[in-house]
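As stored in entry.cif (mmCIF, C-alpha atoms):
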```
data_structure
loop_
_atom_site.label_atom_id
_atom_site.label_comp_id
_atom_site.auth_asym_id
_atom_site.auth_seq_id
_atom_site.Cartn_x
_atom_site.Cartn_y
_atom_site.Cartn_z
CA LEU U 1 7.71 -61.69 41.06
CA LEU U 2 10.10 -60.74 38.27
CA SER U 3 7.69 -62.16 35.70
CA TRP U 4 4.83 -60.05 37.13
CA TYR U 5 7.04 -56.93 36.95
CA PHE U 6 7.79 -57.36 33.23
CA ILE U 7 4.11 -58.01 32.44
CA HIS U 8 3.12 -54.82 34.28
CA LEU U 9 5.85 -52.82 32.52
CA GLN U 10 4.66 -54.09 29.15
CA GLN U 11 1.10 -52.93 29.92
CA VAL U 12 2.35 -49.46 30.89
CA LEU U 13 4.35 -49.15 27.68
CA ILE U 14 1.39 -50.24 25.56
CA LYS U 15 -0.85 -47.63 27.23
CA LEU U 16 1.83 -44.93 26.77
CA VAL U 17 2.26 -45.66 23.07
CA SER U 18 -1.51 -45.73 22.45
CA ASN U 19 -1.89 -42.29 24.08
CA MET U 20 1.13 -40.74 22.34
CA PRO U 21 -0.89 -38.85 19.63
CA ARG U 22 -2.99 -37.12 22.29
CA ILE U 23 0.08 -36.28 24.35
CA CYS U 24 1.81 -34.81 21.29
CA ALA U 25 -1.31 -32.87 20.31
CA ARG U 26 -1.26 -31.10 23.68
CA ALA U 27 2.42 -30.30 23.33
CA ILE U 28 2.22 -28.40 20.03
CA SER U 29 0.53 -25.12 19.25
CA PRO U 30 -2.71 -24.92 17.21
CA ALA U 31 -0.77 -23.30 14.34
CA ALA U 32 1.80 -26.09 14.34
CA GLN U 33 -0.97 -28.71 14.52
CA SER U 34 -2.65 -27.07 11.53
CA GLN U 35 0.58 -27.26 9.55
CA PHE U 36 0.96 -30.93 10.56
CA ASP U 37 -2.59 -31.69 9.38
CA GLN U 38 -1.89 -29.97 6.05
CA SER U 39 1.25 -32.08 5.57
CA LYS U 40 -0.93 -35.22 5.59
CA GLN U 41 -2.91 -34.10 2.54
CA PRO U 42 -2.64 -36.34 -0.53
CA ALA U 43 -0.02 -35.50 -3.12
CA ASN U 44 -2.61 -34.29 -5.62
CA SER U 45 -4.07 -31.65 -3.25
CA SER U 46 -3.71 -28.01 -4.26
CA PRO U 47 -0.22 -26.77 -3.30
CA SER U 48 -1.33 -23.15 -3.58
CA LEU U 49 -3.70 -23.58 -0.65
CA SER U 50 -1.36 -25.46 1.69
CA ILE U 51 -0.21 -23.53 4.76
CA LEU U 52 2.83 -25.78 5.10
CA SER U 53 5.93 -24.42 3.39
CA MET U 54 9.53 -25.53 3.22
CA SER U 55 10.54 -21.86 3.17
CA ASP U 56 11.45 -19.89 6.27
CA LYS U 57 10.07 -16.74 4.63
CA PRO U 58 6.70 -15.22 5.56
CA GLN U 59 3.88 -16.38 3.27
CA LEU U 60 1.67 -13.85 1.51
CA TYR U 61 -1.56 -15.20 0.03
CA SER U 62 -2.17 -12.74 -2.76
CA TYR U 63 -3.73 -12.05 -6.16
CA PHE U 64 -1.64 -10.08 -8.63
CA ARG U 65 -4.31 -7.44 -9.37
CA SER U 66 -5.82 -7.19 -5.88
CA SER U 67 -5.27 -3.63 -4.66
CA CYS U 68 -5.39 -4.82 -1.03
CA SER U 69 -2.61 -7.32 -1.72
CA TRP U 70 -0.73 -4.73 -3.74
CA ARG U 71 -0.58 -2.18 -0.92
CA VAL U 72 0.79 -4.87 1.42
CA ARG U 73 3.45 -5.83 -1.15
CA ILE U 74 4.58 -2.20 -1.27
CA ALA U 75 4.80 -2.01 2.54
CA LEU U 76 6.77 -5.26 2.65
CA ASN U 77 9.19 -3.91 0.04
CA LEU U 78 9.64 -0.65 1.95
CA ALA U 79 10.49 -2.70 5.06
CA GLY U 80 12.89 -4.89 3.09
CA LEU U 81 10.92 -8.05 3.90
CA GLU U 82 11.06 -10.94 1.43
CA VAL U 83 8.02 -13.19 1.32
CA GLU U 84 6.92 -16.34 -0.44
CA GLN U 85 3.83 -15.52 -2.48
CA VAL U 86 0.99 -18.04 -2.64
CA PRO U 87 -1.35 -17.05 -5.49
CA ILE U 88 -5.09 -17.11 -4.81
CA HIS U 89 -6.99 -16.61 -8.07
CA LEU U 90 -10.09 -14.54 -7.35
CA VAL U 91 -11.98 -15.52 -10.51
CA ARG U 92 -10.91 -18.98 -11.69
CA ASN U 93 -13.33 -21.79 -10.78
CA GLY U 94 -15.58 -19.30 -9.04
CA GLY U 95 -12.72 -17.90 -6.97
CA GLU U 96 -10.11 -19.88 -5.04
CA GLN U 97 -10.71 -17.62 -2.04
CA HIS U 98 -13.96 -19.51 -1.46
CA SER U 99 -12.28 -22.91 -1.09
CA GLN U 100 -12.61 -24.73 2.22
CA GLU U 101 -8.81 -24.76 2.61
CA TYR U 102 -8.46 -21.02 2.22
CA LYS U 103 -11.47 -20.21 4.42
CA LYS U 104 -9.56 -21.81 7.30
CA LEU U 105 -6.98 -19.04 6.86
CA ASN U 106 -9.29 -16.17 5.98
CA PRO U 107 -12.93 -16.64 7.03
CA LEU U 108 -13.97 -13.51 5.09
CA GLU U 109 -12.67 -15.22 1.91
CA GLN U 110 -10.54 -12.30 0.77
CA VAL U 111 -6.90 -11.52 0.08
CA PRO U 112 -4.38 -10.77 1.41
CA THR U 113 -3.51 -13.16 4.20
CA LEU U 114 -0.03 -13.03 5.72
CA LEU U 115 1.64 -15.77 7.77
CA ILE U 116 4.51 -14.11 9.62
CA ASP U 117 6.31 -14.54 12.95
CA GLY U 118 3.90 -17.28 13.98
CA LEU U 119 0.91 -15.02 13.29
CA LEU U 120 -1.91 -15.36 10.80
CA LEU U 121 -2.96 -11.85 9.76
CA THR U 122 -5.73 -10.65 7.47
CA GLN U 123 -6.87 -7.12 6.51
CA SER U 124 -4.30 -5.03 4.68
CA VAL U 125 -4.26 -2.05 7.04
CA ALA U 126 -3.70 -4.28 10.08
CA ILE U 127 -0.89 -6.03 8.20
CA MET U 128 0.76 -2.72 7.29
CA GLU U 129 0.49 -1.53 10.89
CA TYR U 130 2.21 -4.74 12.02
CA ILE U 131 4.95 -4.20 9.44
CA HIS U 132 5.45 -0.72 10.85
CA ASP U 133 5.53 -1.94 14.46
CA THR U 134 8.11 -4.63 13.71
CA HIS U 135 10.13 -2.58 11.20
CA PRO U 136 9.84 1.06 12.35
CA GLU U 137 12.90 1.96 10.29
CA ALA U 138 10.67 1.80 7.19
CA ASN U 139 8.79 4.78 8.70
CA ILE U 140 5.50 4.08 6.93
CA LEU U 141 3.79 5.62 9.98
CA PRO U 142 5.44 8.86 11.18
CA GLU U 143 6.28 9.37 14.86
CA ASP U 144 4.53 12.73 15.14
CA PRO U 145 0.93 12.04 16.29
CA LYS U 146 -0.57 14.78 14.11
CA VAL U 147 1.23 13.63 10.98
CA LYS U 148 0.41 10.01 11.79
CA ALA U 149 -3.27 10.92 12.09
CA LYS U 150 -3.18 12.46 8.60
CA VAL U 151 -1.61 9.29 7.19
CA ARG U 152 -4.26 7.12 8.81
CA MET U 153 -7.02 9.45 7.63
CA ILE U 154 -5.96 9.17 3.99
CA THR U 155 -5.38 5.43 4.34
CA GLU U 156 -8.92 4.91 5.60
CA LEU U 157 -10.40 7.29 3.05
CA ILE U 158 -8.99 5.05 0.31
CA CYS U 159 -9.40 1.64 1.93
CA SER U 160 -12.79 2.14 3.57
CA GLY U 161 -14.31 4.97 1.54
CA ILE U 162 -13.30 4.07 -2.02
CA GLN U 163 -11.78 0.63 -2.63
CA SER U 164 -14.22 -1.36 -0.53
CA ILE U 165 -17.20 -0.08 -2.53
CA GLN U 166 -15.71 -1.29 -5.82
CA ASN U 167 -14.34 -4.54 -4.45
CA LEU U 168 -14.98 -7.66 -6.54
CA SER U 169 -17.55 -9.14 -4.13
CA VAL U 170 -19.50 -5.85 -4.07
CA MET U 171 -19.50 -5.58 -7.87
CA GLN U 172 -20.68 -9.19 -8.17
CA LYS U 173 -23.54 -8.50 -5.77
CA HIS U 174 -24.47 -5.28 -7.57
CA SER U 175 -24.76 -6.81 -11.01
CA GLN U 176 -23.81 -9.77 -13.19
CA ASP U 177 -23.45 -7.42 -16.15
CA GLN U 178 -19.85 -6.35 -16.76
CA VAL U 179 -20.83 -2.96 -18.21
CA GLU U 180 -22.91 -2.14 -15.14
CA ARG U 181 -20.07 -3.24 -12.87
CA MET U 182 -17.68 -0.92 -14.70
CA ALA U 183 -20.10 2.00 -14.39
CA TRP U 184 -20.59 1.30 -10.66
CA SER U 185 -16.85 1.26 -9.98
CA LYS U 186 -16.18 4.33 -12.10
CA HIS U 187 -18.86 6.29 -10.23
CA TRP U 188 -17.66 5.47 -6.72
CA ILE U 189 -13.99 5.93 -7.47
CA THR U 190 -14.77 9.33 -9.00
CA VAL U 191 -16.79 10.34 -5.93
CA GLY U 192 -14.01 9.17 -3.63
CA PHE U 193 -11.24 10.82 -5.62
CA ARG U 194 -13.02 14.17 -5.49
CA ALA U 195 -12.89 13.97 -1.71
CA LEU U 196 -9.31 12.68 -1.69
CA GLU U 197 -8.12 15.47 -3.99
CA LYS U 198 -9.53 18.05 -1.57
CA VAL U 199 -7.78 16.41 1.39
CA LEU U 200 -4.46 16.22 -0.47
CA GLU U 201 -4.59 19.94 -1.16
CA ASN U 202 -3.76 20.40 2.54
CA THR U 203 -1.45 17.43 3.16
CA ALA U 204 0.51 16.57 0.04
CA GLY U 205 4.09 17.27 -0.92
CA GLU U 206 5.84 14.77 -3.15
CA CYS U 207 3.79 12.14 -1.34
CA CYS U 208 0.34 12.00 0.23
CA VAL U 209 1.56 13.54 3.48
CA GLY U 210 4.62 15.71 2.98
CA ASP U 211 7.63 14.39 1.12
CA LYS U 212 8.13 11.01 2.79
CA VAL U 213 6.56 7.73 1.73
CA THR U 214 3.99 6.45 4.22
CA MET U 215 1.23 3.87 4.50
CA ALA U 216 -1.11 6.25 2.66
CA ASP U 217 1.15 6.10 -0.40
CA CYS U 218 1.02 2.30 -0.32
CA CYS U 219 -2.74 2.68 -0.80
CA ILE U 220 -3.01 5.44 -3.38
CA VAL U 221 -1.00 3.81 -6.19
CA PRO U 222 -3.16 0.65 -6.43
CA GLN U 223 -6.29 2.80 -6.30
CA VAL U 224 -5.13 4.92 -9.23
CA TYR U 225 -4.55 1.68 -11.16
CA ASN U 226 -8.17 0.73 -10.45
CA ALA U 227 -9.33 4.18 -11.52
CA VAL U 228 -7.60 3.87 -14.88
CA ARG U 229 -8.90 0.32 -15.28
CA PHE U 230 -12.47 1.56 -14.78
CA SER U 231 -12.02 4.55 -17.10
CA VAL U 232 -12.06 7.34 -14.50
CA ASP U 233 -11.08 10.71 -16.00
CA MET U 234 -7.80 11.33 -14.14
CA SER U 235 -7.43 14.84 -15.59
CA GLU U 236 -9.88 15.91 -12.89
CA PHE U 237 -7.36 14.91 -10.22
CA PRO U 238 -3.98 16.59 -10.81
CA ILE U 239 -2.63 16.11 -7.27
CA ILE U 240 -3.49 12.41 -7.18
CA SER U 241 -1.97 11.98 -10.64
CA ARG U 242 1.24 13.80 -9.68
CA ILE U 243 1.72 11.74 -6.51
CA ASN U 244 1.05 8.52 -8.38
CA GLU U 245 3.59 9.36 -11.06
CA ASN U 246 6.23 10.20 -8.46
CA LEU U 247 5.67 7.05 -6.43
CA SER U 248 5.39 4.67 -9.37
CA SER U 249 9.01 5.35 -10.37
CA ARG U 250 10.38 4.15 -7.02
CA PRO U 251 11.84 0.61 -6.98
CA GLU U 252 9.70 -0.62 -4.06
CA PHE U 253 6.58 0.38 -5.97
CA LYS U 254 7.79 -1.02 -9.29
CA ALA U 255 8.50 -4.41 -7.72
CA ALA U 256 4.99 -4.53 -6.23
CA HIS U 257 3.22 -3.79 -9.54
CA PRO U 258 0.81 -6.51 -10.75
CA SER U 259 2.87 -7.10 -13.89
CA GLN U 260 5.83 -8.17 -11.74
CA GLN U 261 3.96 -10.81 -9.73
CA PRO U 262 4.40 -14.55 -10.25
CA ASP U 263 0.70 -15.11 -10.96
CA CYS U 264 0.38 -12.32 -13.53
CA PRO U 265 -0.65 -13.74 -16.94
CA GLU U 266 1.96 -13.38 -19.64
CA GLU U 267 -0.27 -11.19 -21.80
CA LEU U 268 -0.47 -8.57 -18.99
CA ARG U 269 3.25 -8.38 -18.26
#
```

Starting from the file, lay out its structure as structure tokens.
Amino acid sequence: LLSWYFIHLQQVLIKLVSNMPRICARAISPAAQSQFDQSKQPANSSPSLSILSMSDKPQLYSYFRSSCSWRVRIALNLAGLEVEQVPIHLVRNGGEQHSQEYKKLNPLEQVPTLLIDGLLLTQSVAIMEYIHDTHPEANILPEDPKVKAKVRMITELICSGIQSIQNLSVMQKHSQDQVERMAWSKHWITVGFRALEKVLENTAGECCVGDKVTMADCCIVPQVYNAVRFSVDMSEFPIISRINENLSSRPEFKAAHPSQQPDCPEELR
């Protein structure tokens, strides 16, 4: 009888060990499982596209000159949040954002992507709203509903009405000729800035809405950079230029500038 007992116990243990991977898989979250899967990649796999990090900091998948990433960097700085940046080069080898590894994080194949508090977030405005909700002391969205609506209006004017039309993927679809791409971007930024200048006539103080830095200011500085890059005549937009000059001198904005990012080429620093 004792011999039968030990044989039966051995069979139970064998079955338990063989089913252990499935038991463990049910016990961990999908995000944790994804990190575990990434950790099994060979040593020569691309470290820039791994979602597993030894750091406890949030991870920001970013490109130094991406205006969408830039506005998020400003918001993070205003909230006093340190992140680990994971560079995603938008041009090299056809664009690292199109890799299978990165598409698992961001199906739209764009930057930024932020891993924070167990969340995987894409879309810069949604990320900035989350930063506000978790760090309201940064005050990038005012409490007053009317003032908040103005901030959101200007934010969307820039992000949806201007920047998205001159985004890299749109320019690539429009033309393969660099001169034509430049002309396209210059045209649509100019059109958008004419509208933005009119709106700011009624909302601006030192900043886009009054005298306090908000989410709208996180968006305007990168867009002015794009305007200059695409040869927009900024003399036509004195209010935008004044706000940009005021904001660009602030430490949170300086630290977010493309030239200060780890993936910025030496010749552009």

| request: Select, from U:Cys218, U:Gln166, U:His187, U:Gln59, the residue with the minimum atom-to-atom distance to Lys254 (chain U), counting all atoms listed in the file. | output: U:Cys218

Output of the PyMOL selection byres ((chain U and resi 128) around 9), listed as a tab-separated table (two decimals) with C-alpha atoms, keeping the file's coordinate frame:
```
chain	number	residue	atom	x	y	z
U	71	ARG	CA	-0.58	-2.18	-0.92
U	72	VAL	CA	0.79	-4.87	1.42
U	75	ALA	CA	4.80	-2.01	2.54
U	76	LEU	CA	6.77	-5.26	2.65
U	123	GLN	CA	-6.87	-7.12	6.51
U	124	SER	CA	-4.30	-5.03	4.68
U	125	VAL	CA	-4.26	-2.05	7.04
U	126	ALA	CA	-3.70	-4.28	10.08
U	127	ILE	CA	-0.89	-6.03	8.20
U	129	GLU	CA	0.49	-1.53	10.89
U	130	TYR	CA	2.21	-4.74	12.02
U	131	ILE	CA	4.95	-4.20	9.44
U	132	HIS	CA	5.45	-0.72	10.85
U	133	ASP	CA	5.53	-1.94	14.46
U	140	ILE	CA	5.50	4.08	6.93
U	215	MET	CA	1.23	3.87	4.50
```

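With the shown file loaded, the PyMOL selection byres ((chain U and resi 192) around 9) picks out Leu157, Ile158, Gly161, Ile162, Gln163, His187, Trp188, Ile189, Thr190, Val191, Phe193, Arg194, Ala195, Leu196 and Glu197 of chain U.
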
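Residues within 9 Å of region 234-245 of chain U, counting only C-alpha atoms and excluding same-chain residues fewer than 3 positions away, are Thr190, Phe193, Arg194, Leu196, Glu197, Leu200, Glu201, Ala204, Gly205, Glu206, Cys207, Cys208, Asp217, Ile220, Val221, Val224, Ala227, Val228, Ser231, Ser248 and Ser249 of chain U.
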
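Distances here use all atoms listed in the file; by that measure, the residue among U:Trp70, U:Leu115, U:Tyr61, U:Lys146 closest to His89 (chain U) is U:Tyr61.
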
| field | Answer key for the PyMOL selection byres ((chain U and resi 179-181) around 12), residues as a VMD selection string | value | chain U and resid 165 to 178 182 to 188 229 to 231

Please dump the current selection as a PDB file, in the frame of the given file; keep C-alpha atoms.
```pdb
ATOM      1  CA  ILE U 165     -17.200  -0.080  -2.530  1.00  0.00           C
ATOM      2  CA  GLN U 166     -15.710  -1.290  -5.820  1.00  0.00           C
ATOM      3  CA  ASN U 167     -14.340  -4.540  -4.450  1.00  0.00           C
ATOM      4  CA  LEU U 168     -14.980  -7.660  -6.540  1.00  0.00           C
ATOM      5  CA  SER U 169     -17.550  -9.140  -4.130  1.00  0.00           C
ATOM      6  CA  VAL U 170     -19.500  -5.850  -4.070  1.00  0.00           C
ATOM      7  CA  MET U 171     -19.500  -5.580  -7.870  1.00  0.00           C
ATOM      8  CA  GLN U 172     -20.680  -9.190  -8.170  1.00  0.00           C
ATOM      9  CA  LYS U 173     -23.540  -8.500  -5.770  1.00  0.00           C
ATOM     10  CA  HIS U 174     -24.470  -5.280  -7.570  1.00  0.00           C
ATOM     11  CA  SER U 175     -24.760  -6.810 -11.010  1.00  0.00           C
ATOM     12  CA  GLN U 176     -23.810  -9.770 -13.190  1.00  0.00           C
ATOM     13  CA  ASP U 177     -23.450  -7.420 -16.150  1.00  0.00           C
ATOM     14  CA  GLN U 178     -19.850  -6.350 -16.760  1.00  0.00           C
ATOM     15  CA  MET U 182     -17.680  -0.920 -14.700  1.00  0.00           C
ATOM     16  CA  ALA U 183     -20.100   2.000 -14.390  1.00  0.00           C
ATOM     17  CA  TRP U 184     -20.590   1.300 -10.660  1.00  0.00           C
ATOM     18  CA  SER U 185     -16.850   1.260  -9.980  1.00  0.00           C
ATOM     19  CA  LYS U 186     -16.180   4.330 -12.100  1.00  0.00           C
ATOM     20  CA  HIS U 187     -18.860   6.290 -10.230  1.00  0.00           C
ATOM     21  CA  TRP U 188     -17.660   5.470  -6.720  1.00  0.00           C
ATOM     22  CA  ARG U 229      -8.900   0.320 -15.280  1.00  0.00           C
ATOM     23  CA  PHE U 230     -12.470   1.560 -14.780  1.00  0.00           C
ATOM     24  CA  SER U 231     -12.020   4.550 -17.100  1.00  0.00           C
TER      25      SER U 231
END
```

| Closest of U:Arg73, U:Lys198, U:Arg65, U:Lys57 to Phe253 (chain U) - atom-to-atom distances counting all atoms listed in the file | U:Arg73
